[in-house]
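For reference, the structure is listed below as C-alpha cells.
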Protein chains: 4
Amino acid sequence: MPHDFCEREDEVLDKEFKVLDKGFVRLVDYMGTDSRVVQSARVSYADGTKTIREDAGLIDYLLRMGHSSPFEQVVFTFHMKLPLFASRQMIRHRTGRLNEISGRYSVMKNEAYVPSRDRVCKQYTDNKQGSGDKFDDITSMLAVKDFKEESEAAFCCYQEYIDSGMARELARINLPLSTYTEWYWQFDLNNLMKFLYLRLDSHAQWEIRQYAEAMYNIVKVICPLTMKSFENHMLNGVRLSGKEKEAIFEALSDRQGWSSEALNLTDKERINLLSKFTQE
Amino acid sequence: MPHDFCEREDEVLDKEFKVLDKGFVRLVDYMGTDSRVVQSARVSYADGTKTIREDAGLIDYLLRMGHSSPFEQVVFTFHMKLPLFASRQMIRHRTGRLNEISGRYSVMKNEAYVPSRDRVCKQYTDNKQGSGDKFDDITSMLAVKDFKEESEAAFCCYQEYIDSGMARELARINLPLSTYTEWYWQFDLNNLMKFLYLRLDSHAQWEIRQYAEAMYNIVKVICPLTMKSFENHMLNGVRLSGKEKEAIFEALSDRQGWSSEALNLTDKERINLLSKFTQE
Amino acid sequence: MPHDFCEREDEVLDKEFKVLDKGFVRLVDYMGTDSRVVQSARVSYADGTKTIREDAGLIDYLLRMGHSSPFEQVVFTFHMKLPLFASRQMIRHRTGRLNEISGRYSVMKNEAYVPSRDRVCKQYTDNKQGSGDKFDDITSMLAVKDFKEESEAAFCCYQEYIDSGMARELARINLPLSTYTEWYWQFDLNNLMKFLYLRLDSHAQWEIRQYAEAMYNIVKVICPLTMKSFENHMLNGVRLSGKEKEAIFEALSDRQGWSSEALNLTDKERINLLSKFTQE
Amino acid sequence: MPHDFCEREDEVLDKEFKVLDKGFVRLVDYMGTDSRVVQSARVSYADGTKTIREDAGLIDYLLRMGHSSPFEQVVFTFHMKLPLFASRQMIRHRTGRLNEISGRYSVMKNEAYVPSRDRVCKQYTDNKQGSGDKFDDITSMLAVKDFKEESEAAFCCYQEYIDSGMARELARINLPLSTYTEWYWQFDLNNLMKFLYLRLDSHAQWEIRQYAEAMYNIVKVICPLTMKSFENHMLNGVRLSGKEKEAIFEALSDRQGWSSEALNLTDKERINLLSKFTQE
C-alpha cells in the first residue's frame, strides 16, 4: 500500500461514525481496493488487452458497461448499530452476510431511536412513501416527547418481564421497531453500489439515508476511483426509455443540438453520447 | 396430474391455514412435485442410468447423498401473515423471494400477536435461547393481559399519529415486534427443507415452529415422497462426529452388534449402514 | 386463466423451439404471469394504494423505478440444448437453478455445434470481443468443413476411449467446447430480464443471442405487459451519465427544446422526462 | 496478528501451489481468521453469553450446531489455473464470485491438461460416476500419448484460425475441455466447507480433488481451529437416518454398549452422544 493510502485508511478503519441519535457505522475490515477491481478485470482480458488503459479509465469503462463481477471482488465488513425498522429495509439486500444480536439469547439494551424535532414530518401526499412538510414547533416537540415516552414504557415492561424470569424470546415481542440492534454486515462493492443507489435517493427513508451516507463516505476513502465513476454514471445519471431517447434525439437533431457548440462536451464524449442514441 | 393428486391438491391450494391467534399460511401457487425432482435428476444422468429406479428410491438416494439441485426445481409461493419477530427469523433464509407489506406506503392494521396463557414460559436456563417451565396461572393470566394492553396502546398512539397527518414511515417506528405483517414468500424445495430442518427443531422459537409445521403439512401433500425421505434422513436422523463414529463402531464390533440378530434392519440396510462406518 | 391466454400458452408450453443447428429451448413449466407481478406488488402496498392503477401502468411503474421483487415472483423452467461454450456464458447468471447432463455419469452424445458459413467472421478490431466482417466464400466453406471434421475426430477418439472401458469422467476431457449439453434451467423474471438485457445486445456472442431471442419470444407470450415495458425502458432505453445529462439539458434549454413543439411526447411524458433532468 | 501467525501466513499468501501438470492455486487475499468467526458469533450473543467459552470450543459448537453465519464472515480470494472440465464443476457452487479469462477477448494459451499414466483408469461399474482399476502399462501409455496429441492438434487448428483473422469467440469453439483457464474465485468459509466436503470426497473426480486439497491445506493455515472441527464433524463424521439411529440405539442398549467401559469417550462426550440418540 502506498503511504498516503495507509494514512487515509486510518481515517476510516475501525472508527465509529455516529449516525442518528445512538447509532453508528464502523468499518471492521475490507478486502481489496480500486486496484483489485482492475486486477480482477485484467484476469478476464489476459492478453486480450494490449493497450494499457489507466486504472481510472478501466474502472469507468467497467462501471459504464455494466461489468459487475470485478467489483464483486472488493468486500467490506461493517459493524452497525441501527434501529430495527432500518435493519428491516437493509436486509432486503439479500447478498449481505450478517450476524445480528439475537433477542432470544440476549437481553436487549434499553436503547431506542427518538427522532429529532425537525424530522417530525407530514405524510407526503403526491408520493405514497415519503415525508413532506414539517409540523409546527409545538406539535413536533410533543411528538418527540411521545416517541420517547412510548419506547421507554415499552422497555420498562420488557425489563419487568425479564426480571420475572420470563423467556427472553417472549419478553421482547412488544419491543418497538425503534429499538437499536447491532450487526456485522458484509457486502461486496457491486451490491453495495446497488444499495447506495437506492438508499441515497431522496425517496429513501431519511433515517436509512443517514446510514447509506456514512457508508458512502467510508467507501469513498477506500475506493475513490470507483466511487467517482459511480457518482457520475449512477447517482447523477439518468435512464431514458426508448421513447424518450427518440424524442430527445429528434429535438436535438432538429436544432443542431449535436454540434460541438451546443453540447458542452469534448469531441470524444460527444461521439460516445451520440452512439448511445444511434446504436441499434 | 392423476385424479387423486388433484383432489389432494385441492385440500391445500389457496386455503388459509390458521397459525397463532391471527396469522395464516396459504399456498398461492407451486411449480413441480416429486416427479419434477425425478425428471430433473434424470436430465443429469441421461443415458448414464440404464436401470429404472423407482421414483421413491431415486428421491431417497438424492436426498441421502446430498444432491440438492433436483430439489431446487420445485418451487412454492406462500402468502403468510405472521408477527414481525417471526418474519425477522424467516428472512435470514436468504434465498426466499418476498414481497412484504410496507409500513412506509400503507397504514398498518391494528393487529398484534398476543400469546395464549400456556405460552408464557420462563427462561430456559441450560440453554440460552429456549423457553422452559410455565408460570403459575395468575402470573400468566396477568402477563397475557399486559401483552394485549401494551400492543393496543402502541396502536392507539400510532393511529393518533396517522390521524394527525404524520408521515407513515415515521408514525410506525414504535409499533411493537408483535405486529402482524403479510408477505408473499417464494421458496424452493431444497431451501425449504433446510428451513424446516432448523425451524421444526425443538430449539426453534415455538411461534415460528407453528409456521414451519403449517408449511410442512402443506408440502407433505404436494411432495409426499420427498417429505418422507426428509423425515427419515433429516428430521429423525442424526450426525455423528468422527470420534463418535469410531467409538460406536468399536462398541458394536466388540459386542457382535453388527450381526443381523443385533441390528433390526434388513440385510441391505445393514450393509449400507456398515459402509458408512467403514468407508475411508 | 382466460380462454385466449390458454390458447396462447399452448403455443409455447412444452414446444421445442429450434436454436442453432441442433439445439433447442423448451418451456417446461412456469409459475405466475403479469398478474402475479401485480398481485405481489399490491401485497406491499396493501391499503396504501387506493387508486386503482391499470395493471399495465403498475407494471411499467415498477419496472421504470427499479422495483425488482414483484418480478421475482414469476418463475420459468426451460429445458435447453446448447453448446458448452454458450452454457459457460449462461451459468455466469448465478441465480439460475440448473440440472445438467453429467459427463461423469453419462456417455455424451456425438453432437457438436457446427457454425453455418455466414457465421464465419473476422475478429472485430475496434471492439475486442465481437465478430466483424465475413470471409470470402471459399474460406468460410473450408472453415465450416474444418470445424465439422475436428469435432467428429474428437468424438471418434472419445468413442474409442469409452469402448475400451475408460472412465467416462476421463474419456471426455478432450471433447470440444462445441459439444451440445442439455439442462433444466429455472430462472425468475427479474433475473431473466437482466439476462436478456445483456444477451440480446449486439455485443453478445451471436450464438448465445439466438438462445436469448428464443427465450424472449416465449416470455413475451406468457408476460406480454412486462415484456413491453422491458422493451421500452431496458432494450430501447439508454443510460446517460451525470455529465451527459447536464450537457443535453443545457443544449435543449438553450434551443427551446423542452417545448411541446420540439419534443414529440404527450404533456405528461414531457413532464416526466423533464423531472428526470431536474430532480436532485 | 500474533507473530507466529504472520509467519504461517507467509507460507501460504501469494504462493503458487502447483496442482496437476500445469495448474495452480494461489491465495490472493483473505479477510478474517478463526477469531473473526468468534467475534461475529459474539455479536449475536451480546450479553447473552456470560461464560467465557474458549474460542476453539465456541467454533466447535457453532459448526456442530449448524450455525453457518459466523463462518460467512471469513472470505478467501484464490487465483486458480485449472482445466475447463474442473471449472465447470466448481462453478456449480454458485456463491463463488469469479472473474475468468474470456475466450472472446483473449487468445487462449496453448495449455491443456494431460493426465499422467497412473490416472488412466477404467470406468467404475458399481458406481456410475467414479474411476476404477488401472489399465495395463501399454494401454495407459498409449492413452496419455493420444490425449496429448489430440489437444495439441486442437490448439494447432485454433492457432490457424486466429492467424487467419477469425473472430476469437468462434475460433475457440473446438478447444478441448482439458484447456486450462484462469480465474479469481472468492469464497466465504461457510460455503468453502460445503465445497470441500463434497470435493474432498472419494467420489469426487480425482482432478478436482487435487484442487480441493490444495485449498484445504491453505485454509488450514489461516483458520486452524475451524478446519479441525470441520475435519471431525464433517469429513470424518457420518449422518444416520432415523431408522439407522434407532437400530443402533437398540443394539447398543441391549448389549450394555452405552457404558463407560464400552464407549471409548469421556463422560461428557458420552452424555452428548446419548442425547443425540434420545432427544425428541
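The way I read the labels, and the way they are meant: chains A, B, ... in the order of the C-alpha cells, residue 1 as the first residue of every chain, and ligand 1 as the first ligand shown, with later ones counted on from there.
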Determine which residues of stretch 111-221 of chain B receive a DSSP assignment of strand (DSSP E), computed from the backbone, and state them as an MDAnalysis selection string. chainID B and resid 121:123 131:134 180:188
Prev. selection, C-alpha atoms, output as a compact mmCIF listing (two decimals), in the first residue's frame:
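selection08.txt, freshly written:
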```
# COMPACT_ATOMS: atom_id res chain seq x y z
CA CYS B 121 -42.82 -19.53 29.92
CA LYS B 122 -39.73 -18.98 31.98
CA GLN B 123 -36.31 -18.50 30.51
CA SER B 131 -38.39 -21.36 26.77
CA GLY B 132 -38.72 -23.54 29.83
CA ASP B 133 -41.29 -24.12 32.56
CA LYS B 134 -44.63 -22.42 32.77
CA TYR B 180 -48.63 -8.76 12.15
CA THR B 181 -47.17 -8.32 8.71
CA GLU B 182 -48.11 -10.09 5.47
CA TRP B 183 -45.95 -11.28 2.62
CA TYR B 184 -45.61 -13.45 -0.41
CA TRP B 185 -42.71 -15.80 0.20
CA GLN B 186 -41.37 -17.94 -2.61
CA PHE B 187 -39.06 -20.77 -1.71
CA ASP B 188 -37.56 -23.76 -3.48
```
Interface list for chain B, partner chain C, 7 Å threshold, only C-alpha atoms, as a PyMOL selection string: chain B and resi 30-31+40-41+43-48+69-70+72-73+97-102+105-107+183-184+186
Excluding C:Met65 and any residue of its chain fewer than 2 positions from it, enumerate the residues within 12 Å of it, using only C-alpha atoms, and give them as a list in words.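 Counting only the stated atoms, we get Tyr197, Leu198, Asp201, His203, Val238, Arg239, Leu240 and Ser241 of chain A; Leu58, Ile59, Asp60, Tyr61, Leu62, Leu63, His67, Ser68, Ser69, Ser229, Phe230, His233, Met234 and Lys276 of chain C.
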Using DSSP on the backbone, list every residue of stretch 30-221 of chain B that comes out as alpha helix (DSSP H), and give them as a VMD selection string. chain B and resid 34 to 45 55 to 64 69 to 72 84 to 90 137 to 163 168 to 171 189 to 199 206 to 221
Spatial neighbours of D:Trp206, 12 Å, only C-alpha atoms, chain gap at least 6 places, as a ChimeraX atom specification: /C:104,167,169-170 /D:19-20,85-86,115-116,118-121,129-132,199-200,212-213
Serialized selection, N, CA and C atoms, as an mmCIF file, in the first residue's frame:
```cif
data_model
loop_
_atom_site.group_PDB
_atom_site.id
_atom_site.type_symbol
_atom_site.label_atom_id
_atom_site.label_comp_id
_atom_site.auth_asym_id
_atom_site.auth_seq_id
_atom_site.Cartn_x
_atom_site.Cartn_y
_atom_site.Cartn_z
ATOM 1 N N ARG C 104 -19.713 -37.275 -16.343
ATOM 2 C CA ARG C 104 -19.126 -38.299 -15.478
ATOM 3 C C ARG C 104 -20.047 -39.521 -15.415
ATOM 4 N N ALA C 167 -12.805 -44.750 -17.871
ATOM 5 C CA ALA C 167 -13.742 -43.983 -17.045
ATOM 6 C C ALA C 167 -14.278 -42.804 -17.852
ATOM 7 N N GLU C 169 -15.449 -39.972 -16.895
ATOM 8 C CA GLU C 169 -15.013 -38.651 -16.445
ATOM 9 C C GLU C 169 -13.670 -38.274 -17.064
ATOM 10 N N LEU C 170 -12.888 -39.280 -17.449
ATOM 11 C CA LEU C 170 -11.589 -39.014 -18.054
ATOM 12 C C LEU C 170 -11.711 -38.994 -19.580
ATOM 13 N N VAL D 19 -0.822 -27.644 -8.970
ATOM 14 C CA VAL D 19 -1.855 -28.680 -8.984
ATOM 15 C C VAL D 19 -1.909 -29.266 -10.397
ATOM 16 N N LEU D 20 -2.009 -30.562 -10.491
ATOM 17 C CA LEU D 20 -1.991 -31.267 -11.784
ATOM 18 C C LEU D 20 -0.715 -30.905 -12.559
ATOM 19 N N PHE D 85 -12.907 -28.572 -17.631
ATOM 20 C CA PHE D 85 -13.884 -29.532 -17.082
ATOM 21 C C PHE D 85 -13.946 -29.438 -15.564
ATOM 22 N N ALA D 86 -12.831 -29.078 -14.927
ATOM 23 C CA ALA D 86 -12.854 -28.889 -13.471
ATOM 24 C C ALA D 86 -13.575 -27.585 -13.123
ATOM 25 N N PRO D 115 -3.406 -36.128 -18.573
ATOM 26 C CA PRO D 115 -3.329 -36.949 -17.357
ATOM 27 C C PRO D 115 -2.034 -37.771 -17.351
ATOM 28 N N SER D 116 -1.545 -38.054 -16.184
ATOM 29 C CA SER D 116 -0.373 -38.923 -16.096
ATOM 30 C C SER D 116 -0.854 -40.377 -16.242
ATOM 31 N N ASP D 118 -0.773 -43.036 -14.432
ATOM 32 C CA ASP D 118 -1.497 -43.732 -13.357
ATOM 33 C C ASP D 118 -2.905 -43.172 -13.138
ATOM 34 N N ARG D 119 -3.268 -42.166 -13.912
ATOM 35 C CA ARG D 119 -4.638 -41.651 -13.830
ATOM 36 C C ARG D 119 -5.554 -42.244 -14.902
ATOM 37 N N VAL D 120 -5.000 -43.041 -15.782
ATOM 38 C CA VAL D 120 -5.821 -43.605 -16.863
ATOM 39 C C VAL D 120 -6.521 -44.856 -16.328
ATOM 40 N N CYS D 121 -7.780 -44.669 -15.907
ATOM 41 C CA CYS D 121 -8.492 -45.728 -15.183
ATOM 42 C C CYS D 121 -9.707 -46.211 -15.962
ATOM 43 N N GLN D 129 -20.290 -42.985 -11.489
ATOM 44 C CA GLN D 129 -19.502 -41.802 -11.796
ATOM 45 C C GLN D 129 -18.009 -41.923 -11.568
ATOM 46 N N GLY D 130 -17.544 -42.954 -10.895
ATOM 47 C CA GLY D 130 -16.152 -42.936 -10.463
ATOM 48 C C GLY D 130 -15.198 -43.588 -11.441
ATOM 49 N N SER D 131 -13.918 -43.575 -11.067
ATOM 50 C CA SER D 131 -12.869 -44.246 -11.812
ATOM 51 C C SER D 131 -12.443 -45.462 -11.009
ATOM 52 N N GLY D 132 -12.200 -46.552 -11.734
ATOM 53 C CA GLY D 132 -11.862 -47.778 -11.025
ATOM 54 C C GLY D 132 -10.435 -48.228 -11.254
ATOM 55 N N ARG D 199 -16.050 -32.122 -2.392
ATOM 56 C CA ARG D 199 -14.987 -32.328 -3.382
ATOM 57 C C ARG D 199 -13.721 -32.969 -2.808
ATOM 58 N N LEU D 200 -13.642 -33.123 -1.499
ATOM 59 C CA LEU D 200 -12.561 -33.942 -0.921
ATOM 60 C C LEU D 200 -13.007 -35.394 -0.845
ATOM 61 N N ALA D 212 -9.247 -29.176 -4.447
ATOM 62 C CA ALA D 212 -9.857 -29.088 -3.109
ATOM 63 C C ALA D 212 -8.786 -29.282 -2.037
ATOM 64 N N GLU D 213 -7.879 -30.219 -2.265
ATOM 65 C CA GLU D 213 -6.847 -30.460 -1.251
ATOM 66 C C GLU D 213 -5.882 -29.286 -1.113
#
```
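Here atom CA of A:Val38 stands at a distance of 10.2 Å from atom CA of A:Thr226.
Coordinates place atom CA of B:Thr139 at a distance of 24.6 Å from atom CA of B:Ser202.
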Leaving out D:Asn232 and any residue of its chain fewer than 5 positions from it, which residues lie within 7 Å of it when counting only C-alpha atoms, given as a PDB file with N, CA and C atoms, in the first residue's frame?
```
ATOM      1  N   SER B 241     -19.983 -37.205  14.951  1.00  0.00           N
ATOM      2  CA  SER B 241     -18.634 -36.745  14.631  1.00  0.00           C
ATOM      3  C   SER B 241     -17.756 -37.957  14.347  1.00  0.00           C
ATOM      4  N   GLY B 242     -16.574 -37.704  13.818  1.00  0.00           N
ATOM      5  CA  GLY B 242     -15.639 -38.784  13.538  1.00  0.00           C
ATOM      6  C   GLY B 242     -15.317 -39.580  14.797  1.00  0.00           C
ATOM      7  N   LYS B 243     -15.148 -38.869  15.888  1.00  0.00           N
ATOM      8  CA  LYS B 243     -14.808 -39.526  17.150  1.00  0.00           C
ATOM      9  C   LYS B 243     -15.962 -40.415  17.632  1.00  0.00           C
TER      10      LYS B 243
ATOM     11  N   GLY D 237     -17.123 -37.382  10.010  1.00  0.00           N
ATOM     12  CA  GLY D 237     -18.418 -37.706  10.591  1.00  0.00           C
ATOM     13  C   GLY D 237     -19.304 -38.475   9.623  1.00  0.00           C
TER      14      GLY D 237
END
```
